[in-house]
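Below you'll find the structure, written out as structure tokens, and then a few comments.
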Amino acid sequence: MCKAINNLLKAQGLDNASCIIFDGLTADVAKSYGTSFLIRGVRNVADYDFEENLALINEEIAGIDTIYLRAGEYGAISSSMVYELICRNKDVSKYIPPFVIDLIKQN
């Protein structure tokens with residue numbers, strides 16, 4: 001899936017962003033890349049509460065700030081919901097790019 005995300009980032013011209021797979025704390029990995037900010041998406045109040053707790057710890061242990069992006073109209077959509085819809089042969093092209101759908105169907 002990381003490869004698909006990197007392909008999407010490249011297709012969107014986002015040369016300064018990439019998907020990586022790692023073990024350990026996000027704050028430690030981010031700091032090793034010299035980052036000052038984490039960008040996190042929030043769909044609802046439950047996400048915000050969870051992310052705010054992480055943000056406080058990340059700031060304390062690594063001095064990294066967190067920027068939240070609201071999901072907007074797609075706030076009710078989750079990866080598990082999209083996966084379930086794909087398994088039931090429903091159209092999810094509104095939520096994810098076609099090549100990601102193909103990748104999910106291959107697995």
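Convention: chains lettered A, B, ... in structure tokens order; per-chain residue numbering from 1; ligands numbered from 1 as shown.
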
Exercise for review: Excluding Gly75 in chain A and residues on its chain fewer than 5 positions from it, collect all residues at most 12 Å away from it, counting only C-alpha atoms, and give them as an MDAnalysis selection string.
Suggested key: chainID A and resid 41:48 69:70 81 95

Can you write just those residues out, N, CA and C atoms, as a tab-separated table (two decimals), in the first residue's frame?
```tsv
chain	number	residue	atom	x	y	z
A	41	GLY	N	-4.97	13.69	9.96
A	41	GLY	CA	-6.36	13.90	9.57
A	41	GLY	C	-7.31	13.52	10.69
A	42	VAL	N	-8.35	14.29	10.85
A	42	VAL	CA	-9.37	13.97	11.85
A	42	VAL	C	-10.74	13.96	11.17
A	43	ARG	N	-11.52	12.91	11.48
A	43	ARG	CA	-12.84	12.76	10.90
A	43	ARG	C	-13.94	13.26	11.82
A	44	ASN	N	-13.71	13.12	13.12
A	44	ASN	CA	-14.78	13.41	14.07
A	44	ASN	C	-14.17	13.72	15.44
A	45	VAL	N	-15.03	13.92	16.42
A	45	VAL	CA	-14.58	14.28	17.77
A	45	VAL	C	-13.73	13.17	18.38
A	46	ALA	N	-14.10	11.92	18.16
A	46	ALA	CA	-13.33	10.80	18.71
A	46	ALA	C	-11.91	10.81	18.15
A	47	ASP	N	-11.77	11.04	16.84
A	47	ASP	CA	-10.44	11.15	16.24
A	47	ASP	C	-9.67	12.31	16.86
A	48	TYR	N	-10.34	13.46	17.01
A	48	TYR	CA	-9.67	14.63	17.56
A	48	TYR	C	-9.16	14.36	18.97
A	69	LEU	N	-5.94	18.25	9.90
A	69	LEU	CA	-6.74	18.52	8.72
A	69	LEU	C	-8.09	17.83	8.88
A	70	ARG	N	-9.14	18.60	8.71
A	70	ARG	CA	-10.50	18.06	8.81
A	70	ARG	C	-10.85	17.25	7.58
A	81	MET	N	-14.43	0.77	6.11
A	81	MET	CA	-15.70	0.90	5.40
A	81	MET	C	-15.48	0.77	3.89
A	95	TYR	N	-14.18	7.74	-3.44
A	95	TYR	CA	-13.36	7.84	-2.24
A	95	TYR	C	-11.87	7.60	-2.47
```

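CA of Ile20 in chain A lies 21.1 Å from CA of Glu59 in chain A.
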
Review point. CA of Phe22 in chain A and CA of Lys105 in chain A are how many Å apart?
Key: 24.6 Å

**Study point:** range 26-102 of chain A: residues DSSP assigns to helix (DSSP H, G or I), reported as number ranges by chain
**Key:** A: 26-32, 45-62, 72-74, 79-87, 98-102

Quick one: write out the picked residues with C-alpha atoms as an mmCIF file, in the first residue's frame?
```cif
data_model
loop_
_atom_site.group_PDB
_atom_site.id
_atom_site.type_symbol
_atom_site.label_atom_id
_atom_site.label_comp_id
_atom_site.auth_asym_id
_atom_site.auth_seq_id
_atom_site.Cartn_x
_atom_site.Cartn_y
_atom_site.Cartn_z
ATOM 1 C CA THR A 26 6.180 8.415 15.023
ATOM 2 C CA ALA A 27 7.774 11.363 16.834
ATOM 3 C CA ASP A 28 11.189 9.672 16.868
ATOM 4 C CA VAL A 29 11.033 8.839 13.162
ATOM 5 C CA ALA A 30 9.795 12.333 12.298
ATOM 6 C CA LYS A 31 12.618 13.883 14.300
ATOM 7 C CA SER A 32 15.175 11.674 12.503
ATOM 8 C CA VAL A 45 -14.582 14.279 17.770
ATOM 9 C CA ALA A 46 -13.326 10.800 18.706
ATOM 10 C CA ASP A 47 -10.435 11.155 16.242
ATOM 11 C CA TYR A 48 -9.667 14.631 17.557
ATOM 12 C CA ASP A 49 -9.556 13.471 21.189
ATOM 13 C CA PHE A 50 -7.228 10.605 20.278
ATOM 14 C CA GLU A 51 -4.985 12.793 18.097
ATOM 15 C CA GLU A 52 -4.822 15.586 20.674
ATOM 16 C CA ASN A 53 -3.460 13.166 23.282
ATOM 17 C CA LEU A 54 -0.813 11.972 20.815
ATOM 18 C CA ALA A 55 0.041 15.556 19.872
ATOM 19 C CA LEU A 56 0.667 16.515 23.493
ATOM 20 C CA ILE A 57 3.031 13.579 23.988
ATOM 21 C CA ASN A 58 4.811 14.135 20.650
ATOM 22 C CA GLU A 59 5.388 17.765 21.556
ATOM 23 C CA GLU A 60 6.715 16.815 24.971
ATOM 24 C CA ILE A 61 9.075 14.025 23.894
ATOM 25 C CA ALA A 62 10.257 15.347 20.530
ATOM 26 C CA GLY A 72 -14.893 17.481 5.598
ATOM 27 C CA GLU A 73 -17.562 15.728 3.564
ATOM 28 C CA TYR A 74 -15.686 12.408 3.791
ATOM 29 C CA SER A 79 -10.548 2.539 5.389
ATOM 30 C CA SER A 80 -12.437 -0.426 6.841
ATOM 31 C CA MET A 81 -15.702 0.897 5.404
ATOM 32 C CA VAL A 82 -14.142 1.332 1.944
ATOM 33 C CA TYR A 83 -12.636 -2.148 2.139
ATOM 34 C CA GLU A 84 -16.021 -3.627 3.077
ATOM 35 C CA LEU A 85 -17.678 -1.835 0.155
ATOM 36 C CA ILE A 86 -15.025 -3.173 -2.237
ATOM 37 C CA CYS A 87 -15.577 -6.711 -0.915
ATOM 38 C CA PRO A 98 -8.778 3.450 -9.399
ATOM 39 C CA PHE A 99 -5.243 2.083 -9.056
ATOM 40 C CA VAL A 100 -5.711 1.817 -5.287
ATOM 41 C CA ILE A 101 -8.964 -0.103 -5.823
ATOM 42 C CA ASP A 102 -7.104 -2.502 -8.121
#
```

**Study point:** Residues within 6 Å of range 5-10 of chain A, only C-alpha atoms, excluding chain neighbours under 4 positions, as a VMD selection string
**Key:** chain A and resid 14 18 to 19

Practice item. Identify all residues of chain A in strand (DSSP E or B) (DSSP on the backbone) and supply them as a ChimeraX atom specification. Key: /A:37-42,65-70

Please dump the current selection as a PDB file, in the first residue's frame; keep C-alpha atoms.
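again_37.pdb written:
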```
ATOM      1  CA  PHE A  37       5.338  19.167  12.161  1.00  0.00           C
ATOM      2  CA  LEU A  38       3.139  16.102  11.876  1.00  0.00           C
ATOM      3  CA  ILE A  39       0.052  16.435   9.676  1.00  0.00           C
ATOM      4  CA  ARG A  40      -2.841  14.314  10.892  1.00  0.00           C
ATOM      5  CA  GLY A  41      -6.360  13.902   9.573  1.00  0.00           C
ATOM      6  CA  VAL A  42      -9.374  13.970  11.849  1.00  0.00           C
ATOM      7  CA  ASP A  65       3.903  20.198  16.648  1.00  0.00           C
ATOM      8  CA  THR A  66       0.809  18.650  15.059  1.00  0.00           C
ATOM      9  CA  ILE A  67      -1.373  20.167  12.345  1.00  0.00           C
ATOM     10  CA  TYR A  68      -4.893  18.767  12.016  1.00  0.00           C
ATOM     11  CA  LEU A  69      -6.741  18.521   8.715  1.00  0.00           C
ATOM     12  CA  ARG A  70     -10.496  18.060   8.812  1.00  0.00           C
TER      13      ARG A  70
END
```
